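Shown next: run03.cif, given as mmCIF, C-alpha atoms.
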data_work
#
loop_
_atom_site.group_PDB
_atom_site.id
_atom_site.type_symbol
_atom_site.label_atom_id
_atom_site.label_comp_id
_atom_site.auth_asym_id
_atom_site.auth_seq_id
_atom_site.Cartn_x
_atom_site.Cartn_y
_atom_site.Cartn_z
ATOM 1 C CA MET A 245 0.752 -32.413 -25.968
ATOM 2 C CA ASN A 246 2.531 -30.990 -22.900
ATOM 3 C CA LYS A 247 4.269 -28.346 -25.019
ATOM 4 C CA LEU A 248 0.972 -27.315 -26.557
ATOM 5 C CA PHE A 249 -0.662 -27.004 -23.112
ATOM 6 C CA LEU A 250 2.289 -25.022 -21.734
ATOM 7 C CA THR A 251 2.267 -22.703 -24.749
ATOM 8 C CA CYS A 252 -1.475 -22.109 -24.400
ATOM 9 C CA ALA A 253 -1.111 -21.421 -20.659
ATOM 10 C CA LEU A 254 1.662 -18.873 -21.285
ATOM 11 C CA LEU A 255 -0.368 -17.142 -23.981
ATOM 12 C CA LEU A 256 -3.377 -16.914 -21.671
ATOM 13 C CA LEU A 257 -1.276 -15.466 -18.841
ATOM 14 C CA SER A 258 0.341 -12.887 -21.093
ATOM 15 C CA ALA A 259 -3.023 -11.984 -22.647
ATOM 16 C CA CYS A 260 -4.541 -11.146 -19.259
ATOM 17 C CA GLY A 261 -1.692 -8.771 -18.402
ATOM 18 C CA PHE A 262 0.228 -11.041 -16.028
ATOM 19 C CA LYS A 263 3.742 -9.732 -15.344
ATOM 20 C CA LEU A 264 6.469 -11.163 -13.162
ATOM 21 C CA LYS A 265 7.752 -9.087 -10.232
ATOM 22 C CA GLY A 266 10.433 -6.738 -11.469
ATOM 23 C CA ALA A 267 8.948 -6.507 -14.969
ATOM 24 C CA TYR A 268 7.704 -2.954 -14.411
ATOM 25 C CA PRO A 269 10.044 0.051 -14.176
ATOM 26 C CA HIS A 270 8.324 1.239 -10.969
ATOM 27 C CA ASP A 271 9.344 -1.953 -9.135
ATOM 28 C CA HIS A 272 12.767 -0.377 -8.664
ATOM 29 C CA LEU A 273 13.052 2.194 -5.891
ATOM 30 C CA PRO A 274 15.317 5.208 -6.551
ATOM 31 C CA VAL A 275 17.258 4.654 -3.304
ATOM 32 C CA GLN A 276 17.959 1.495 -1.310
ATOM 33 C CA HIS A 277 18.089 2.743 2.291
ATOM 34 C CA TRP A 278 14.940 4.325 3.726
ATOM 35 C CA GLN A 279 13.982 5.663 7.122
ATOM 36 C CA VAL A 280 10.294 5.147 7.857
ATOM 37 C CA SER A 281 8.233 7.508 10.022
ATOM 38 C CA GLY A 282 4.874 5.878 9.526
ATOM 39 C CA GLY A 283 2.939 6.172 12.769
ATOM 40 C CA GLU A 284 0.189 3.556 12.620
ATOM 41 C CA LEU A 285 1.457 2.496 9.164
ATOM 42 C CA GLN A 286 5.016 1.903 10.422
ATOM 43 C CA GLN A 287 5.002 -1.904 10.265
ATOM 44 C CA PRO A 288 3.085 -2.202 6.960
ATOM 45 C CA LEU A 289 5.404 0.387 5.340
ATOM 46 C CA GLU A 290 8.546 -1.398 6.544
ATOM 47 C CA THR A 291 7.181 -4.705 5.245
ATOM 48 C CA ALA A 292 6.243 -3.187 1.861
ATOM 49 C CA LEU A 293 9.680 -1.556 1.512
ATOM 50 C CA ASN A 294 11.475 -4.806 2.356
ATOM 51 C CA ARG A 295 9.347 -6.630 -0.200
ATOM 52 C CA ALA A 296 10.039 -3.984 -2.875
ATOM 53 C CA LEU A 297 13.781 -4.077 -2.210
ATOM 54 C CA SER A 298 13.547 -7.905 -2.413
ATOM 55 C CA TYR A 299 16.795 -8.379 -0.498
ATOM 56 C CA PRO A 300 17.220 -5.710 2.161
ATOM 57 C CA LYS A 301 20.878 -5.398 3.078
ATOM 58 C CA PRO A 302 21.932 -4.601 6.644
ATOM 59 C CA PHE A 303 22.785 -0.921 6.824
ATOM 60 C CA SER A 304 24.393 0.967 9.673
ATOM 61 C CA GLY A 305 24.896 4.427 8.120
ATOM 62 C CA SER A 306 22.424 7.240 7.676
ATOM 63 C CA PRO A 307 19.499 6.550 5.345
ATOM 64 C CA GLU A 308 19.484 8.001 1.843
ATOM 65 C CA ALA A 309 15.842 9.070 2.098
ATOM 66 C CA GLU A 310 12.871 9.116 4.438
ATOM 67 C CA ILE A 311 9.222 8.332 3.904
ATOM 68 C CA ARG A 312 6.991 10.168 6.357
ATOM 69 C CA VAL A 313 3.242 9.615 6.811
ATOM 70 C CA LEU A 314 1.768 13.075 7.298
ATOM 71 C CA ASP A 315 -1.918 12.281 7.729
ATOM 72 C CA VAL A 316 -4.196 9.258 8.089
ATOM 73 C CA GLN A 317 -7.975 9.704 8.056
ATOM 74 C CA MET A 318 -10.234 6.717 8.664
ATOM 75 C CA ARG A 319 -14.017 6.814 8.309
ATOM 76 C CA ASN A 320 -16.803 4.324 8.872
ATOM 77 C CA ASP A 321 -19.999 5.465 7.110
ATOM 78 C CA VAL A 322 -23.388 3.846 6.563
ATOM 79 C CA TYR A 323 -23.383 2.728 2.931
ATOM 80 C CA THR A 324 -26.763 1.066 2.351
ATOM 81 C CA ILE A 325 -29.981 0.800 4.344
ATOM 82 C CA THR A 326 -32.738 -1.780 3.829
ATOM 83 C CA ARG A 327 -36.376 -0.895 3.223
ATOM 84 C CA ALA A 328 -37.006 -1.689 6.885
ATOM 85 C CA ALA A 329 -34.591 1.155 7.791
ATOM 86 C CA ARG A 330 -31.872 -1.225 8.987
ATOM 87 C CA ILE A 331 -28.210 -0.878 8.182
ATOM 88 C CA ASN A 332 -27.199 -3.310 5.459
ATOM 89 C CA GLU A 333 -23.612 -2.214 4.676
ATOM 90 C CA TYR A 334 -20.900 0.092 5.969
ATOM 91 C CA LEU A 335 -18.307 1.862 3.843
ATOM 92 C CA LEU A 336 -14.841 1.870 5.405
ATOM 93 C CA SER A 337 -12.585 4.505 3.864
ATOM 94 C CA MET A 338 -8.992 5.486 4.524
ATOM 95 C CA GLN A 339 -7.109 8.481 3.161
ATOM 96 C CA VAL A 340 -3.338 8.583 3.661
ATOM 97 C CA THR A 341 -0.954 11.403 2.789
ATOM 98 C CA ALA A 342 2.777 10.689 2.804
ATOM 99 C CA GLN A 343 5.859 12.598 1.708
ATOM 100 C CA ALA A 344 9.323 11.428 0.709
ATOM 101 C CA PHE A 345 12.277 13.459 1.941
ATOM 102 C CA ARG A 346 15.847 13.452 0.689
ATOM 103 C CA ASP A 347 18.666 15.542 2.122
ATOM 104 C CA GLY A 348 16.188 17.199 4.487
ATOM 105 C CA ARG A 349 13.985 18.510 1.651
ATOM 106 C CA ALA A 350 10.650 17.303 0.301
ATOM 107 C CA TRP A 351 11.257 14.977 -2.627
ATOM 108 C CA GLY A 352 8.536 15.015 -5.250
ATOM 109 C CA GLU A 353 4.875 15.715 -4.647
ATOM 110 C CA PRO A 354 3.006 14.387 -1.589
ATOM 111 C CA ILE A 355 1.690 10.865 -2.108
ATOM 112 C CA LYS A 356 -2.054 10.522 -1.561
ATOM 113 C CA VAL A 357 -3.772 7.165 -1.290
ATOM 114 C CA HIS A 358 -7.545 6.563 -1.034
ATOM 115 C CA ILE A 359 -8.861 3.118 -0.123
ATOM 116 C CA ARG A 360 -12.483 2.017 0.290
ATOM 117 C CA ARG A 361 -14.008 -1.289 1.353
ATOM 118 C CA ASN A 362 -17.592 -2.431 1.926
ATOM 119 C CA LEU A 363 -18.513 -4.248 5.133
ATOM 120 C CA PRO A 364 -21.834 -6.139 5.115
ATOM 121 C CA TYR A 365 -23.652 -5.785 8.443
ATOM 122 C CA SER A 366 -25.809 -8.233 10.348
ATOM 123 C CA ASP A 367 -27.403 -7.741 13.783
ATOM 124 C CA GLY A 368 -27.087 -11.451 14.503
ATOM 125 C CA PHE A 369 -23.293 -11.592 14.096
ATOM 126 C CA VAL A 370 -22.089 -8.463 15.883
ATOM 127 C CA LEU A 371 -18.958 -10.025 17.425
ATOM 128 C CA GLY A 372 -17.965 -11.672 14.163
ATOM 129 C CA LYS A 373 -18.478 -8.415 12.280
ATOM 130 C CA MET A 374 -16.266 -6.551 14.763
ATOM 131 C CA GLU A 375 -13.473 -9.052 14.077
ATOM 132 C CA GLU A 376 -14.095 -8.799 10.326
ATOM 133 C CA GLU A 377 -13.953 -4.997 10.524
ATOM 134 C CA SER A 378 -10.603 -5.021 12.334
ATOM 135 C CA THR A 379 -9.242 -7.453 9.726
ATOM 136 C CA ILE A 380 -10.443 -5.189 6.910
ATOM 137 C CA TRP A 381 -8.784 -2.144 8.527
ATOM 138 C CA GLN A 382 -5.497 -4.077 8.784
ATOM 139 C CA GLU A 383 -5.726 -5.116 5.115
ATOM 140 C CA MET A 384 -6.425 -1.492 4.187
ATOM 141 C CA ARG A 385 -3.278 -0.366 6.043
ATOM 142 C CA GLN A 386 -1.238 -2.956 4.156
ATOM 143 C CA ASP A 387 -2.807 -1.903 0.859
ATOM 144 C CA ALA A 388 -2.049 1.765 1.581
ATOM 145 C CA ALA A 389 1.582 0.935 2.405
ATOM 146 C CA ASN A 390 1.949 -1.084 -0.810
ATOM 147 C CA GLN A 391 0.490 1.769 -2.878
ATOM 148 C CA ILE A 392 2.809 4.306 -1.232
ATOM 149 C CA VAL A 393 5.879 2.152 -1.920
ATOM 150 C CA ARG A 394 4.754 1.621 -5.531
ATOM 151 C CA GLN A 395 4.503 5.405 -5.991
ATOM 152 C CA LEU A 396 8.000 5.855 -4.537
ATOM 153 C CA GLY A 397 9.287 4.168 -7.686
ATOM 154 C CA PHE A 398 8.084 7.155 -9.712
ATOM 155 C CA LEU A 399 10.013 9.788 -7.749
ATOM 156 C CA PRO A 400 12.276 11.983 -9.881
ATOM 157 C CA SER A 401 15.936 11.117 -9.492
ATOM 158 C CA TYR A 402 18.492 13.723 -8.616
ATOM 159 C CA PRO A 403 22.006 13.509 -7.205
ATOM 160 C CA SER A 404 22.218 13.080 -3.460
ATOM 161 C CA THR A 405 24.712 14.831 -1.233
ATOM 162 C CA THR A 406 24.528 12.012 1.344
ATOM 163 C CA VAL A 407 27.877 10.279 1.788
ATOM 164 C CA LEU A 408 27.620 6.529 2.246
ATOM 165 C CA PRO A 409 30.270 4.609 4.250
#

Transcribe the structure of this file into structure tokens.
Amino acid sequence: MNKLFLTCALLLLSACGFKLKGAYPHDHLPVQHWQVSGGELQQPLETALNRALSYPKPFSGSPEAEIRVLDVQMRNDVYTITRAARINEYLLSMQVTAQAFRDGRAWGEPIKVHIRRNLPYSDGFVLGKMEEESTIWQEMRQDAANQIVRQLGFLPSYPSTTVLP
């Protein structure tokens, strides 16, 4: 009975597209040592890179490549209005442009990430909504960093002239 249940559970997981970490070719980054120039996305990018590398090794030499955030645009727009002409929802949107560099030259095309989230609004809970909005912005930064790191896995490989110690 246990074997039948386990087999059914595995079939259901595989049918829904579940994959273990490392099962996709883009989970592997083309280089292991990155310098991050992320501005307001610095910490989320470093965290996402460490997670993608799964076991970051201490490194004292020069990095093999750099990821640089070129532009971050954040907008807060009115999304829906009630019949009584009151704001019902906001649309929070973030657009990030980043570029990978290797050996001082741009590596691949610029990476562009667009993220949108809805924020329900209520006049009665203004302080709570301010806290919720700041939490959503933080989650959007983390999501943007994760998407950038995922796209780094698709960079074309070419020989580096960087000498490692």

Expansion of the PyMOL selection byres ((chain A and resi 320) around 8) into residues, as a tab-separated table (two decimals) with C-alpha atoms, keeping the file's coordinate frame:
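Wrote it out as selection28.tsv, contents follow:
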chain	number	residue	atom	x	y	z
A	318	MET	CA	-10.23	6.72	8.66
A	319	ARG	CA	-14.02	6.81	8.31
A	321	ASP	CA	-20.00	5.46	7.11
A	322	VAL	CA	-23.39	3.85	6.56
A	334	TYR	CA	-20.90	0.09	5.97
A	335	LEU	CA	-18.31	1.86	3.84
A	336	LEU	CA	-14.84	1.87	5.40
A	337	SER	CA	-12.58	4.50	3.86

Q. Using the chain letters and numbers from the file, which residues does the PyMOL selection byres ((chain A and resi 399) around 10) grab, as a PyMOL selection string?
A. chain A and resi 270+273-275+344+351-353+394-398+400-402

What does the file look like for those residues with C-alpha atoms, as an mmCIF file, keeping the file's coordinate frame?
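Ended up saving to result19.cif:
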data_model
loop_
_atom_site.group_PDB
_atom_site.id
_atom_site.type_symbol
_atom_site.label_atom_id
_atom_site.label_comp_id
_atom_site.auth_asym_id
_atom_site.auth_seq_id
_atom_site.Cartn_x
_atom_site.Cartn_y
_atom_site.Cartn_z
ATOM 1 C CA HIS A 270 8.324 1.239 -10.969
ATOM 2 C CA LEU A 273 13.052 2.194 -5.891
ATOM 3 C CA PRO A 274 15.317 5.208 -6.551
ATOM 4 C CA VAL A 275 17.258 4.654 -3.304
ATOM 5 C CA ALA A 344 9.323 11.428 0.709
ATOM 6 C CA TRP A 351 11.257 14.977 -2.627
ATOM 7 C CA GLY A 352 8.536 15.015 -5.250
ATOM 8 C CA GLU A 353 4.875 15.715 -4.647
ATOM 9 C CA ARG A 394 4.754 1.621 -5.531
ATOM 10 C CA GLN A 395 4.503 5.405 -5.991
ATOM 11 C CA LEU A 396 8.000 5.855 -4.537
ATOM 12 C CA GLY A 397 9.287 4.168 -7.686
ATOM 13 C CA PHE A 398 8.084 7.155 -9.712
ATOM 14 C CA PRO A 400 12.276 11.983 -9.881
ATOM 15 C CA SER A 401 15.936 11.117 -9.492
ATOM 16 C CA TYR A 402 18.492 13.723 -8.616
#

**Q.** d(CA of Gln391 (chain A), CA of Ser378 (chain A)) in Å
**A.** 20.0 Å

Write out as an mmCIF file with C-alpha atoms, keeping the file's coordinate frame which residues come within 8 Å of region 287-290 of chain A when counting all atoms listed in the file, dropping same-chain ones fewer than 6 positions away.
data_model
loop_
_atom_site.group_PDB
_atom_site.id
_atom_site.type_symbol
_atom_site.label_atom_id
_atom_site.label_comp_id
_atom_site.auth_asym_id
_atom_site.auth_seq_id
_atom_site.Cartn_x
_atom_site.Cartn_y
_atom_site.Cartn_z
ATOM 1 C CA VAL A 280 10.294 5.147 7.857
ATOM 2 C CA ARG A 385 -3.278 -0.366 6.043
ATOM 3 C CA GLN A 386 -1.238 -2.956 4.156
ATOM 4 C CA ALA A 389 1.582 0.935 2.405
ATOM 5 C CA ASN A 390 1.949 -1.084 -0.810
ATOM 6 C CA VAL A 393 5.879 2.152 -1.920
#

Q: Apply the PyMOL selection byres ((chain A and resi 357) around 7) to the structure shown and report the selected residues as a PyMOL selection string.
A: chain A and resi 339-341+355-356+358-359+388

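For the pair CA of Trp278 (chain A) and CA of Gln317 (chain A), the interatomic distance is 23.9 Å.
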
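Candidate residues A:Ile311, A:Leu363, A:Leu256, A:Leu285 were compared for distance to Thr379 (chain A), and the nearest is A:Leu363, using all atoms listed in the file.
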
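Counting all atoms listed in the file and comparing A:Arg361, A:Arg312, A:Lys247, A:Arg346, the residue that lies closest to Ile392 (chain A) is A:Arg312.
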
Q: Using CA of Gln279 (chain A) and CA of Pro307 (chain A) as the two end points, give the distance in Å to one decimal.
A: 5.9 Å

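Minimum atom-to-atom distances from A:Glu333, A:Asp387, A:Glu284, A:Glu310 to Gly348 (chain A) were compared using all atoms listed in the file, and the lowest value belongs to A:Glu310.
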
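Checking A:Met245, A:Cys252, A:Ile380, A:Ala309 one by one against His277 (chain A), counting all atoms listed in the file, you find the shortest gap at A:Ala309.
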
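Distance annotation: of A:Arg349, A:Lys373, A:Arg360, A:His272, the residue with the minimal separation from Leu293 (chain A) is A:His272; atom set is all atoms listed in the file.
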